[in-house]
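K.L.:
Structure supplied as start_3.csv; contents: CSV, C-alpha atoms.
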```
chain,number,residue,atom,x,y,z
A,1,MET,CA,68.8,117.9,150.1
A,2,LEU,CA,71.3,115.2,149.1
A,3,ASP,CA,74.3,116.5,147.0
A,4,LEU,CA,76.1,113.7,145.1
A,5,ALA,CA,79.5,114.9,143.8
A,6,PHE,CA,80.6,113.3,140.5
A,7,SER,CA,84.0,112.8,139.1
A,8,THR,CA,84.7,111.9,135.5
A,9,GLU,CA,85.1,108.3,136.6
A,10,ASP,CA,81.7,108.4,138.3
A,11,LEU,CA,80.0,109.5,135.1
A,12,ALA,CA,81.8,106.6,133.3
A,13,HIS,CA,80.3,104.2,135.8
A,14,THR,CA,76.7,105.6,135.8
A,15,ARG,CA,74.2,103.1,134.3
A,16,PHE,CA,70.5,102.1,134.2
A,17,ALA,CA,68.9,99.0,135.7
A,18,PHE,CA,65.5,97.6,136.7
A,19,SER,CA,64.8,95.8,140.0
A,20,PRO,CA,61.8,93.6,140.5
A,21,ALA,CA,62.8,93.2,144.2
A,22,TRP,CA,62.6,97.0,144.6
A,23,GLU,CA,59.2,97.1,143.0
A,24,ILE,CA,58.0,94.7,145.6
A,25,VAL,CA,59.4,96.9,148.4
A,26,ALA,CA,58.0,100.1,146.9
A,27,SER,CA,54.6,98.6,146.2
A,28,VAL,CA,54.3,97.4,149.8
A,29,ARG,CA,55.0,101.0,150.8
A,30,VAL,CA,52.1,102.0,148.5
A,31,LEU,CA,49.8,99.5,150.3
A,32,ASN,CA,50.9,100.9,153.7
A,33,GLN,CA,50.1,104.5,152.6
A,34,PRO,CA,47.6,104.4,149.7
A,35,GLY,CA,46.4,107.9,150.4
A,36,GLU,CA,49.8,109.3,149.4
A,37,HIS,CA,49.8,107.3,146.1
A,38,ALA,CA,46.5,108.1,144.5
A,39,LEU,CA,47.8,107.3,141.0
A,40,HIS,CA,48.1,103.7,142.0
A,41,LEU,CA,44.7,103.2,143.6
A,42,PRO,CA,43.4,101.0,140.7
A,43,TRP,CA,46.3,98.6,141.5
A,44,VAL,CA,45.8,99.0,145.3
A,45,LYS,CA,42.2,97.8,145.0
A,46,ARG,CA,43.1,94.8,142.9
A,47,ALA,CA,46.1,93.9,145.1
A,48,THR,CA,44.2,94.2,148.3
A,49,ALA,CA,41.4,92.0,147.0
A,50,ALA,CA,43.9,89.4,145.7
A,51,LEU,CA,45.8,89.3,149.0
A,52,ASP,CA,42.6,88.9,151.0
A,53,GLN,CA,41.3,86.2,148.8
A,54,ALA,CA,44.6,84.2,148.9
A,55,GLY,CA,45.0,84.8,152.7
A,56,LEU,CA,48.6,85.8,152.2
A,57,ASP,CA,49.9,87.4,155.4
A,58,ILE,CA,52.4,90.1,154.4
A,59,SER,CA,52.8,91.7,157.9
A,60,LEU,CA,56.5,91.0,158.0
A,61,LEU,CA,57.0,92.8,154.7
A,62,ARG,CA,54.8,95.7,155.9
A,63,GLU,CA,56.9,96.1,159.1
A,64,LEU,CA,60.1,96.1,157.2
A,65,VAL,CA,58.9,98.9,154.9
A,66,PRO,CA,58.3,101.9,157.3
A,67,VAL,CA,57.6,105.4,156.2
A,68,ARG,CA,61.2,106.6,156.2
A,69,HIS,CA,64.2,104.4,156.8
A,70,LEU,CA,64.1,101.4,154.5
A,71,PRO,CA,66.6,98.6,155.4
A,72,GLY,CA,69.2,98.5,152.6
A,73,PHE,CA,69.3,94.7,152.4
A,74,LEU,CA,65.6,94.5,151.2
A,75,ALA,CA,66.6,95.5,147.7
A,76,GLY,CA,70.2,95.7,146.9
A,77,THR,CA,71.6,97.7,144.0
A,78,PRO,CA,71.0,95.7,140.8
A,79,SER,CA,74.3,94.2,139.5
A,80,THR,CA,72.9,93.8,136.0
A,81,PRO,CA,70.6,95.9,133.8
A,82,LEU,CA,67.7,93.4,133.8
A,83,PRO,CA,68.0,91.2,136.9
A,84,GLU,CA,65.6,88.3,137.4
A,85,LEU,CA,63.6,88.3,140.6
A,86,ALA,CA,65.0,84.8,141.5
A,87,ASP,CA,68.6,86.2,141.3
A,88,GLU,CA,67.7,89.2,143.5
A,89,LEU,CA,66.1,86.9,146.1
A,90,ALA,CA,69.1,84.6,146.1
A,91,ASP,CA,71.2,87.7,146.9
A,92,LEU,CA,68.8,88.6,149.7
A,93,ARG,CA,69.2,85.1,151.2
A,94,ASP,CA,73.0,85.6,151.3
A,95,VAL,CA,72.9,88.9,153.2
A,96,PRO,CA,75.2,88.6,156.3
A,97,ALA,CA,73.3,88.2,159.6
A,98,ARG,CA,75.3,91.1,161.2
A,99,LEU,CA,74.2,93.4,158.4
A,100,VAL,CA,70.5,92.4,158.9
A,101,ARG,CA,70.7,93.1,162.6
A,102,ARG,CA,72.4,96.5,162.1
A,103,GLU,CA,69.8,97.6,159.5
A,104,VAL,CA,66.8,96.5,161.7
A,105,ASP,CA,68.3,98.2,164.7
A,106,ALA,CA,68.5,101.4,162.7
A,107,MET,CA,64.7,101.3,162.0
A,108,ALA,CA,63.0,104.0,164.1
A,109,VAL,CA,59.9,101.9,164.7
A,110,PRO,CA,58.7,99.7,167.6
A,111,ARG,CA,59.6,96.1,167.0
A,112,SER,CA,56.8,93.5,166.9
A,113,PRO,CA,57.3,89.9,168.0
A,114,ALA,CA,57.7,88.9,164.4
A,115,LEU,CA,60.4,91.5,163.8
A,116,ASN,CA,62.2,90.5,167.0
A,117,ARG,CA,62.2,86.9,165.8
A,118,PHE,CA,63.6,88.1,162.4
A,119,HIS,CA,66.3,90.0,164.3
A,120,ARG,CA,67.2,87.0,166.5
A,121,ASP,CA,67.6,84.6,163.6
A,122,PRO,CA,68.4,86.5,160.4
A,123,GLU,CA,69.3,83.4,158.4
A,124,ALA,CA,65.9,81.8,158.9
A,125,GLY,CA,64.2,85.2,158.7
A,126,LEU,CA,65.7,86.0,155.3
A,127,GLU,CA,64.5,82.6,154.0
A,128,ARG,CA,61.0,83.3,155.2
A,129,LEU,CA,61.2,86.9,153.7
A,130,ALA,CA,62.4,85.7,150.3
A,131,THR,CA,59.7,83.1,150.1
A,132,LEU,CA,57.1,85.7,151.1
A,133,MET,CA,58.3,88.2,148.5
A,134,GLU,CA,58.1,85.5,145.8
A,135,ALA,CA,54.6,84.7,146.7
A,136,TYR,CA,53.6,88.3,146.9
A,137,TRP,CA,55.2,88.9,143.4
A,138,ASP,CA,53.3,86.0,141.9
A,139,LEU,CA,50.0,87.2,143.3
A,140,VAL,CA,49.9,91.0,142.8
A,141,LEU,CA,52.8,92.1,140.6
A,142,ALA,CA,53.6,89.4,138.0
A,143,PRO,CA,50.2,89.9,136.2
A,144,ASP,CA,51.1,93.6,135.7
A,145,TRP,CA,54.8,93.2,135.2
A,146,PRO,CA,54.7,93.2,131.3
A,147,ARG,CA,52.9,96.6,131.5
A,148,ILE,CA,55.3,98.0,134.2
A,149,ARG,CA,58.4,96.7,132.4
A,150,ALA,CA,57.3,98.3,129.1
A,151,LEU,CA,57.0,101.6,130.9
A,152,LEU,CA,60.4,101.2,132.4
A,153,GLU,CA,62.0,100.2,129.1
A,154,ALA,CA,60.4,103.2,127.4
A,155,ASP,CA,61.9,105.5,130.0
A,156,VAL,CA,65.4,104.1,129.6
A,157,LEU,CA,65.1,104.5,125.9
A,158,HIS,CA,64.1,108.1,126.3
A,159,ARG,CA,66.9,108.8,128.7
A,160,SER,CA,69.4,107.2,126.5
A,161,ARG,CA,68.4,109.4,123.6
A,162,LEU,CA,68.7,112.5,125.9
A,163,LEU,CA,72.2,111.4,126.9
A,164,ALA,CA,73.3,111.0,123.3
A,165,ARG,CA,71.8,114.4,122.4
A,166,GLY,CA,72.8,116.6,125.3
A,167,GLY,CA,75.1,114.6,127.6
A,168,ALA,CA,74.8,114.1,131.4
A,169,ALA,CA,73.3,117.5,132.1
A,170,GLU,CA,70.3,116.9,129.9
A,171,LEU,CA,69.9,113.4,131.1
A,172,PHE,CA,69.9,114.3,134.8
A,173,ASN,CA,67.9,117.5,134.6
A,174,ASP,CA,65.1,115.6,132.8
A,175,LEU,CA,64.7,112.8,135.4
A,176,THR,CA,62.3,114.7,137.8
A,177,PRO,CA,61.9,118.2,139.2
A,178,MET,CA,63.3,116.8,142.4
A,179,VAL,CA,66.7,116.2,140.8
A,180,ARG,CA,69.1,118.9,139.4
A,181,TRP,CA,72.5,118.8,137.9
A,182,ARG,CA,74.8,121.8,138.6
A,183,GLY,CA,78.6,121.9,138.0
A,184,GLY,CA,79.3,118.3,138.6
A,185,THR,CA,76.9,117.8,141.5
A,186,LEU,CA,73.6,116.0,141.4
A,187,SER,CA,71.2,117.5,144.0
A,188,VAL,CA,68.3,115.3,145.1
A,189,ALA,CA,65.5,117.0,147.1
A,190,HIS,CA,64.9,114.7,150.1
A,191,ARG,CA,62.6,116.0,152.9
A,192,HIS,CA,64.5,114.4,155.7
A,193,LEU,CA,68.1,114.1,154.5
A,194,HIS,CA,70.7,116.8,154.3
A,195,ALA,CA,74.2,115.6,153.2
A,196,ALA,CA,77.0,116.0,150.7
A,197,VAL,CA,78.3,112.6,149.5
A,198,PRO,CA,81.2,112.1,147.0
A,199,LEU,CA,80.6,109.1,144.8
A,200,ASP,CA,84.4,108.3,144.9
A,201,GLY,CA,84.4,106.6,141.6
A,202,ARG,CA,81.6,104.2,142.3
A,203,GLY,CA,79.2,105.8,139.8
A,204,LEU,CA,75.5,105.9,140.2
A,205,VAL,CA,72.8,103.3,139.2
A,206,LEU,CA,69.6,105.0,137.9
A,207,VAL,CA,66.6,102.8,138.5
A,208,PRO,CA,63.2,103.9,137.1
A,209,SER,CA,60.5,102.6,139.4
A,210,ALA,CA,56.7,102.6,138.9
A,211,PHE,CA,55.8,102.4,142.6
A,212,VAL,CA,58.3,105.1,143.8
A,213,TRP,CA,56.0,107.8,142.5
A,214,PRO,CA,55.6,110.6,143.5
A,215,ARG,CA,59.0,110.6,145.3
A,216,VAL,CA,62.6,109.6,144.7
A,217,PHE,CA,64.7,107.3,146.8
A,218,SER,CA,68.4,107.2,147.0
A,219,LYS,CA,70.9,104.9,148.7
A,220,THR,CA,74.6,105.9,149.3
A,221,ASP,CA,75.6,103.4,151.9
A,222,PRO,CA,79.2,102.3,151.0
A,223,ARG,CA,78.2,98.7,151.2
A,224,TRP,CA,76.3,99.0,147.9
A,225,GLN,CA,76.9,101.0,144.7
A,226,PRO,CA,74.9,104.2,145.0
A,227,VAL,CA,71.5,104.1,143.5
A,228,LEU,CA,68.8,106.7,142.6
A,229,ARG,CA,65.3,105.4,142.1
A,230,TYR,CA,62.9,107.8,140.3
A,231,PRO,CA,59.4,107.7,138.7
A,232,PRO,CA,59.5,106.9,135.0
A,233,ARG,CA,58.3,109.2,132.2
A,234,GLY,CA,54.6,108.4,131.4
A,235,ILE,CA,53.8,107.0,134.8
A,236,ALA,CA,50.4,108.8,134.7
A,237,THR,CA,49.3,106.4,131.9
A,238,LEU,CA,50.3,103.2,133.7
A,239,TRP,CA,46.8,102.0,134.8
A,240,GLU,CA,44.8,103.7,132.0
A,241,THR,CA,42.8,101.6,129.6
A,242,GLY,CA,41.0,102.7,126.5
A,243,THR,CA,41.2,106.4,127.1
A,244,ALA,CA,43.1,107.5,124.0
A,245,VAL,CA,41.5,110.0,121.7
A,246,ALA,CA,42.7,110.5,118.1
A,247,PRO,CA,43.3,114.2,117.1
A,248,GLY,CA,40.5,115.0,114.7
A,249,ALA,CA,42.5,116.9,112.0
A,250,LEU,CA,45.3,114.4,112.1
A,251,ALA,CA,42.8,111.5,111.8
A,252,ALA,CA,41.4,113.0,108.7
A,253,VAL,CA,44.8,112.9,107.1
A,254,VAL,CA,46.3,109.6,108.2
A,255,GLY,CA,43.3,107.7,109.5
A,256,ARG,CA,41.9,107.3,113.0
A,257,GLY,CA,44.0,104.2,114.0
A,258,ARG,CA,47.3,105.8,113.0
A,259,ALA,CA,46.4,109.1,114.6
A,260,LEU,CA,45.5,107.3,117.7
A,261,LEU,CA,48.9,105.5,117.8
A,262,LEU,CA,50.8,108.8,117.2
A,263,ALA,CA,48.9,110.4,120.0
A,264,GLU,CA,49.8,107.5,122.4
A,265,LEU,CA,53.5,107.6,121.4
A,266,ALA,CA,54.2,110.7,123.6
A,267,ALA,CA,56.5,108.1,125.3
A,268,PRO,CA,58.0,105.1,123.6
A,269,ALA,CA,55.8,102.0,123.8
A,270,SER,CA,55.6,98.4,122.6
A,271,THR,CA,53.0,96.9,120.2
A,272,SER,CA,51.3,95.1,123.0
A,273,GLU,CA,51.2,98.1,125.3
A,274,LEU,CA,49.7,100.3,122.4
A,275,ALA,CA,47.1,97.6,121.8
A,276,ARG,CA,46.1,97.6,125.4
A,277,ARG,CA,45.9,101.4,125.6
A,278,THR,CA,44.0,101.9,122.3
A,279,ARG,CA,41.9,98.7,122.3
A,280,LEU,CA,43.0,98.0,118.8
A,281,SER,CA,44.1,94.5,118.0
A,282,ALA,CA,47.8,93.7,118.1
A,283,GLY,CA,47.7,92.9,114.4
A,284,ALA,CA,46.1,96.2,113.5
A,285,VAL,CA,48.7,98.1,115.7
A,286,SER,CA,51.5,96.2,114.0
A,287,GLN,CA,50.1,97.0,110.5
A,288,HIS,CA,49.7,100.7,111.3
A,289,LEU,CA,53.1,101.0,112.9
A,290,GLY,CA,54.6,99.5,109.7
A,291,VAL,CA,53.0,102.2,107.6
A,292,LEU,CA,54.0,104.9,110.0
A,293,LYS,CA,57.5,103.7,110.1
A,294,ALA,CA,57.7,103.6,106.3
A,295,ALA,CA,56.5,107.2,106.2
A,296,GLY,CA,59.2,108.3,108.6
A,297,LEU,CA,56.7,109.1,111.4
A,298,VAL,CA,57.8,106.4,113.9
A,299,SER,CA,61.1,104.6,114.7
A,300,GLY,CA,61.6,101.2,116.3
A,301,HIS,CA,64.3,100.4,118.9
A,302,ARG,CA,64.9,97.0,120.5
A,303,ALA,CA,64.9,97.0,124.3
A,304,GLY,CA,65.4,93.5,125.7
A,305,ARG,CA,62.8,91.2,124.3
A,306,HIS,CA,60.6,94.0,123.0
A,307,VAL,CA,60.7,96.6,120.2
A,308,LEU,CA,59.7,100.0,121.5
A,309,TYR,CA,58.3,102.5,119.0
A,310,ALA,CA,58.7,106.3,119.3
A,311,ARG,CA,57.5,109.3,117.3
A,312,THR,CA,60.1,111.0,115.0
A,313,ARG,CA,60.5,114.7,114.9
A,314,ALA,CA,58.2,114.9,111.9
A,315,ALA,CA,55.5,113.1,113.8
A,316,GLU,CA,56.0,115.5,116.8
A,317,VAL,CA,55.3,118.4,114.4
A,318,LEU,CA,52.1,116.7,113.1
A,319,VAL,CA,50.6,116.1,116.6
A,320,GLY,CA,51.6,119.5,117.8
A,321,GLY,CA,54.4,118.4,120.2
A,322,VAL,CA,57.2,120.5,118.5
A,323,PRO,CA,56.6,123.7,116.6
A,324,GLU,CA,58.1,124.3,113.2
A,325,VAL,CA,61.1,126.5,113.2
A,326,ASP,CA,62.3,128.4,110.2
A,327,SER,CA,65.9,127.6,109.2
```
Just dump the structure as structure tokens.

P.N.:
Amino acid sequence: MLDLAFSTEDLAHTRFAFSPAWEIVASVRVLNQPGEHALHLPWVKRATAALDQAGLDISLLRELVPVRHLPGFLAGTPSTPLPELADELADLRDVPARLVRREVDAMAVPRSPALNRFHRDPEAGLERLATLMEAYWDLVLAPDWPRIRALLEADVLHRSRLLARGGAAELFNDLTPMVRWRGGTLSVAHRHLHAAVPLDGRGLVLVPSAFVWPRVFSKTDPRWQPVLRYPPRGIATLWETGTAVAPGALAAVVGRGRALLLAELAAPASTSELARRTRLSAGAVSQHLGVLKAAGLVSGHRAGRHVLYARTRAAEVLVGGVPEVDS
């Protein structure tokens, strides 16, 4: 169990961010242990086939992502909410050599010749690593990034609404059953870590991550701002296609297409993501959402370059998500 002690200043400096570099690291971990990440098996099959076909050797990445201790320099804490991969890889190339050696020395795994070479010449090793990560991204993650990013953006929108409604306690207690907020302390259930760490005014960066599922990862090393990486809401739908079913009674009232969209909006989603899930055309989805918005059943919220749509409370009642309460 990791206990993170918050002050008022820490709460003021708590923020959300995404990290493409971290998704690379976490997805390599999935490839290393596919049996522990059954939800991602559709992606594992596609990624493995793409890597084999391209002949891309990711052995260095695999060795740097062991089961337990991950070198902190692999994916630093994001400095902005929506960092570009190129910027994160530039930061990776600038990691001091002494820090690289220290982190590799801390890895409790036998070192291969390639890892020894990386340790001897960190500057050249970081350049090779950054180039490899970029090639890996282009091959197996970039095609799915719009889908993944939409899921992450929807999660942050949901968390922001919780924070506005119920404050930090409601935000933190909704993240995952492995995280609990009690009396100014955030307790994170780690299997191999037992520590109490004051944040000392540094705050906490909350990073939703598709490939971290089903676990959470934290980093409290004083060389970086503390970070907590957790699985986003709606992760179970990430690789689904065309499985939505419109509630029959609701479809009879509002029509099958609109009922289908309301059923899919259990978590906020973009027009393109809804079209992918429901197999409706993007034009039809946009038209239906316009009607639903005019009727007060969905609301739109801009998140970066996209607009995410969410069910209103009236819609929750219609689909059975929230019971009516007499006032």

K.L.:
Take atom CA of A:Leu175 and atom CA of A:Phe73 and report the distance between them in Å, one decimal.

P.N.:
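Result for atom CA of A:Leu175 versus atom CA of A:Phe73: 25.3 Å, one decimal.
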
K.L.:
Looking at all atoms listed in the file, which of A:Pro71, A:Gln225, A:Thr77, A:Leu141 is the one that sits closest to A:Met107?

P.N.:
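Ranking A:Pro71, A:Gln225, A:Thr77, A:Leu141 by distance to A:Met107, first place goes to A:Pro71.
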
K.L.:
Please measure the separation of atom CA of A:Arg98 and atom CA of A:Val227, giving the value in Å to one decimal.

P.N.:
22.3 Å

K.L.:
Give me the residues within 10 Å of stretch 251-261 of chain A as an mmCIF file with C-alpha atoms, in the coordinates of the input, counting all atoms listed in the file and dropping any in the same chain fewer than 5 places off.

P.N.:
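Output below, filename result.cif:
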```
data_model
loop_
_atom_site.group_PDB
_atom_site.id
_atom_site.type_symbol
_atom_site.label_atom_id
_atom_site.label_comp_id
_atom_site.auth_asym_id
_atom_site.auth_seq_id
_atom_site.Cartn_x
_atom_site.Cartn_y
_atom_site.Cartn_z
ATOM 1 C CA ALA A 244 43.100 107.500 124.000
ATOM 2 C CA VAL A 245 41.500 110.000 121.700
ATOM 3 C CA ALA A 246 42.700 110.500 118.100
ATOM 4 C CA ALA A 266 54.200 110.700 123.600
ATOM 5 C CA ALA A 269 55.800 102.000 123.800
ATOM 6 C CA THR A 271 53.000 96.900 120.200
ATOM 7 C CA LEU A 274 49.700 100.300 122.400
ATOM 8 C CA ALA A 275 47.100 97.600 121.800
ATOM 9 C CA ARG A 277 45.900 101.400 125.600
ATOM 10 C CA THR A 278 44.000 101.900 122.300
ATOM 11 C CA LEU A 280 43.000 98.000 118.800
ATOM 12 C CA ALA A 284 46.100 96.200 113.500
ATOM 13 C CA VAL A 285 48.700 98.100 115.700
ATOM 14 C CA GLN A 287 50.100 97.000 110.500
ATOM 15 C CA HIS A 288 49.700 100.700 111.300
ATOM 16 C CA LEU A 289 53.100 101.000 112.900
ATOM 17 C CA VAL A 291 53.000 102.200 107.600
ATOM 18 C CA LEU A 292 54.000 104.900 110.000
ATOM 19 C CA VAL A 298 57.800 106.400 113.900
ATOM 20 C CA TYR A 309 58.300 102.500 119.000
ATOM 21 C CA ALA A 310 58.700 106.300 119.300
ATOM 22 C CA ARG A 311 57.500 109.300 117.300
ATOM 23 C CA ALA A 315 55.500 113.100 113.800
ATOM 24 C CA LEU A 318 52.100 116.700 113.100
ATOM 25 C CA VAL A 319 50.600 116.100 116.600
#
```

K.L.:
Please provide the set of residues having any atom within 7 Å of stretch 6-20 of chain A, restricted to only C-alpha atoms, with same-chain residues fewer than 4 positions apart removed, written as a list in words.

P.N.:
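Within the cut-off, the hits are Ile24, Pro78, Thr80, Pro81, Leu82, Pro83, Leu85, Gly184, Thr185, Pro198, Leu199, Gly201, Arg202, Gly203, Leu204, Val205, Leu206, Val207 and Pro208 of chain A.
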
K.L.:
Could you give me, as a PDB file with C-alpha atoms, in the coordinates of the input, the residues that have an atom at most 9 Å away from the point (71.4, 112.4, 147.2) in the coordinates of the file, using all atoms listed in the file?

P.N.:
```pdb
ATOM      1  CA  MET A   1      68.800 117.900 150.100  1.00  0.00           C
ATOM      2  CA  LEU A   2      71.300 115.200 149.100  1.00  0.00           C
ATOM      3  CA  ASP A   3      74.300 116.500 147.000  1.00  0.00           C
ATOM      4  CA  LEU A   4      76.100 113.700 145.100  1.00  0.00           C
ATOM      5  CA  VAL A 179      66.700 116.200 140.800  1.00  0.00           C
ATOM      6  CA  LEU A 186      73.600 116.000 141.400  1.00  0.00           C
ATOM      7  CA  SER A 187      71.200 117.500 144.000  1.00  0.00           C
ATOM      8  CA  VAL A 188      68.300 115.300 145.100  1.00  0.00           C
ATOM      9  CA  ALA A 189      65.500 117.000 147.100  1.00  0.00           C
ATOM     10  CA  HIS A 190      64.900 114.700 150.100  1.00  0.00           C
ATOM     11  CA  LEU A 193      68.100 114.100 154.500  1.00  0.00           C
ATOM     12  CA  HIS A 194      70.700 116.800 154.300  1.00  0.00           C
ATOM     13  CA  ALA A 195      74.200 115.600 153.200  1.00  0.00           C
ATOM     14  CA  ALA A 196      77.000 116.000 150.700  1.00  0.00           C
ATOM     15  CA  VAL A 197      78.300 112.600 149.500  1.00  0.00           C
ATOM     16  CA  PHE A 217      64.700 107.300 146.800  1.00  0.00           C
ATOM     17  CA  SER A 218      68.400 107.200 147.000  1.00  0.00           C
ATOM     18  CA  LYS A 219      70.900 104.900 148.700  1.00  0.00           C
ATOM     19  CA  THR A 220      74.600 105.900 149.300  1.00  0.00           C
ATOM     20  CA  LEU A 228      68.800 106.700 142.600  1.00  0.00           C
TER      21      LEU A 228
END
```

K.L.:
Can you pull out every residue within 12 Å of A:Thr48, counting only C-alpha atoms, but drop anything in the same chain fewer than 6 positions away, and send it as a list in words?

P.N.:
Ser27, Val28, Val30, Leu31, Asn32, Pro34, Leu41, Pro42, Ala54, Gly55, Leu56, Asp57, Ile58, Tyr136, Leu139, Val140 and Leu141 of chain A

K.L.:
Using only C-alpha atoms, please write the residues we just selected to a file, as a PDB file, keeping the file's coordinate frame.

P.N.:
```pdb
ATOM      1  CA  SER A  27      54.600  98.600 146.200  1.00  0.00           C
ATOM      2  CA  VAL A  28      54.300  97.400 149.800  1.00  0.00           C
ATOM      3  CA  VAL A  30      52.100 102.000 148.500  1.00  0.00           C
ATOM      4  CA  LEU A  31      49.800  99.500 150.300  1.00  0.00           C
ATOM      5  CA  ASN A  32      50.900 100.900 153.700  1.00  0.00           C
ATOM      6  CA  PRO A  34      47.600 104.400 149.700  1.00  0.00           C
ATOM      7  CA  LEU A  41      44.700 103.200 143.600  1.00  0.00           C
ATOM      8  CA  PRO A  42      43.400 101.000 140.700  1.00  0.00           C
ATOM      9  CA  ALA A  54      44.600  84.200 148.900  1.00  0.00           C
ATOM     10  CA  GLY A  55      45.000  84.800 152.700  1.00  0.00           C
ATOM     11  CA  LEU A  56      48.600  85.800 152.200  1.00  0.00           C
ATOM     12  CA  ASP A  57      49.900  87.400 155.400  1.00  0.00           C
ATOM     13  CA  ILE A  58      52.400  90.100 154.400  1.00  0.00           C
ATOM     14  CA  TYR A 136      53.600  88.300 146.900  1.00  0.00           C
ATOM     15  CA  LEU A 139      50.000  87.200 143.300  1.00  0.00           C
ATOM     16  CA  VAL A 140      49.900  91.000 142.800  1.00  0.00           C
ATOM     17  CA  LEU A 141      52.800  92.100 140.600  1.00  0.00           C
TER      18      LEU A 141
END
```
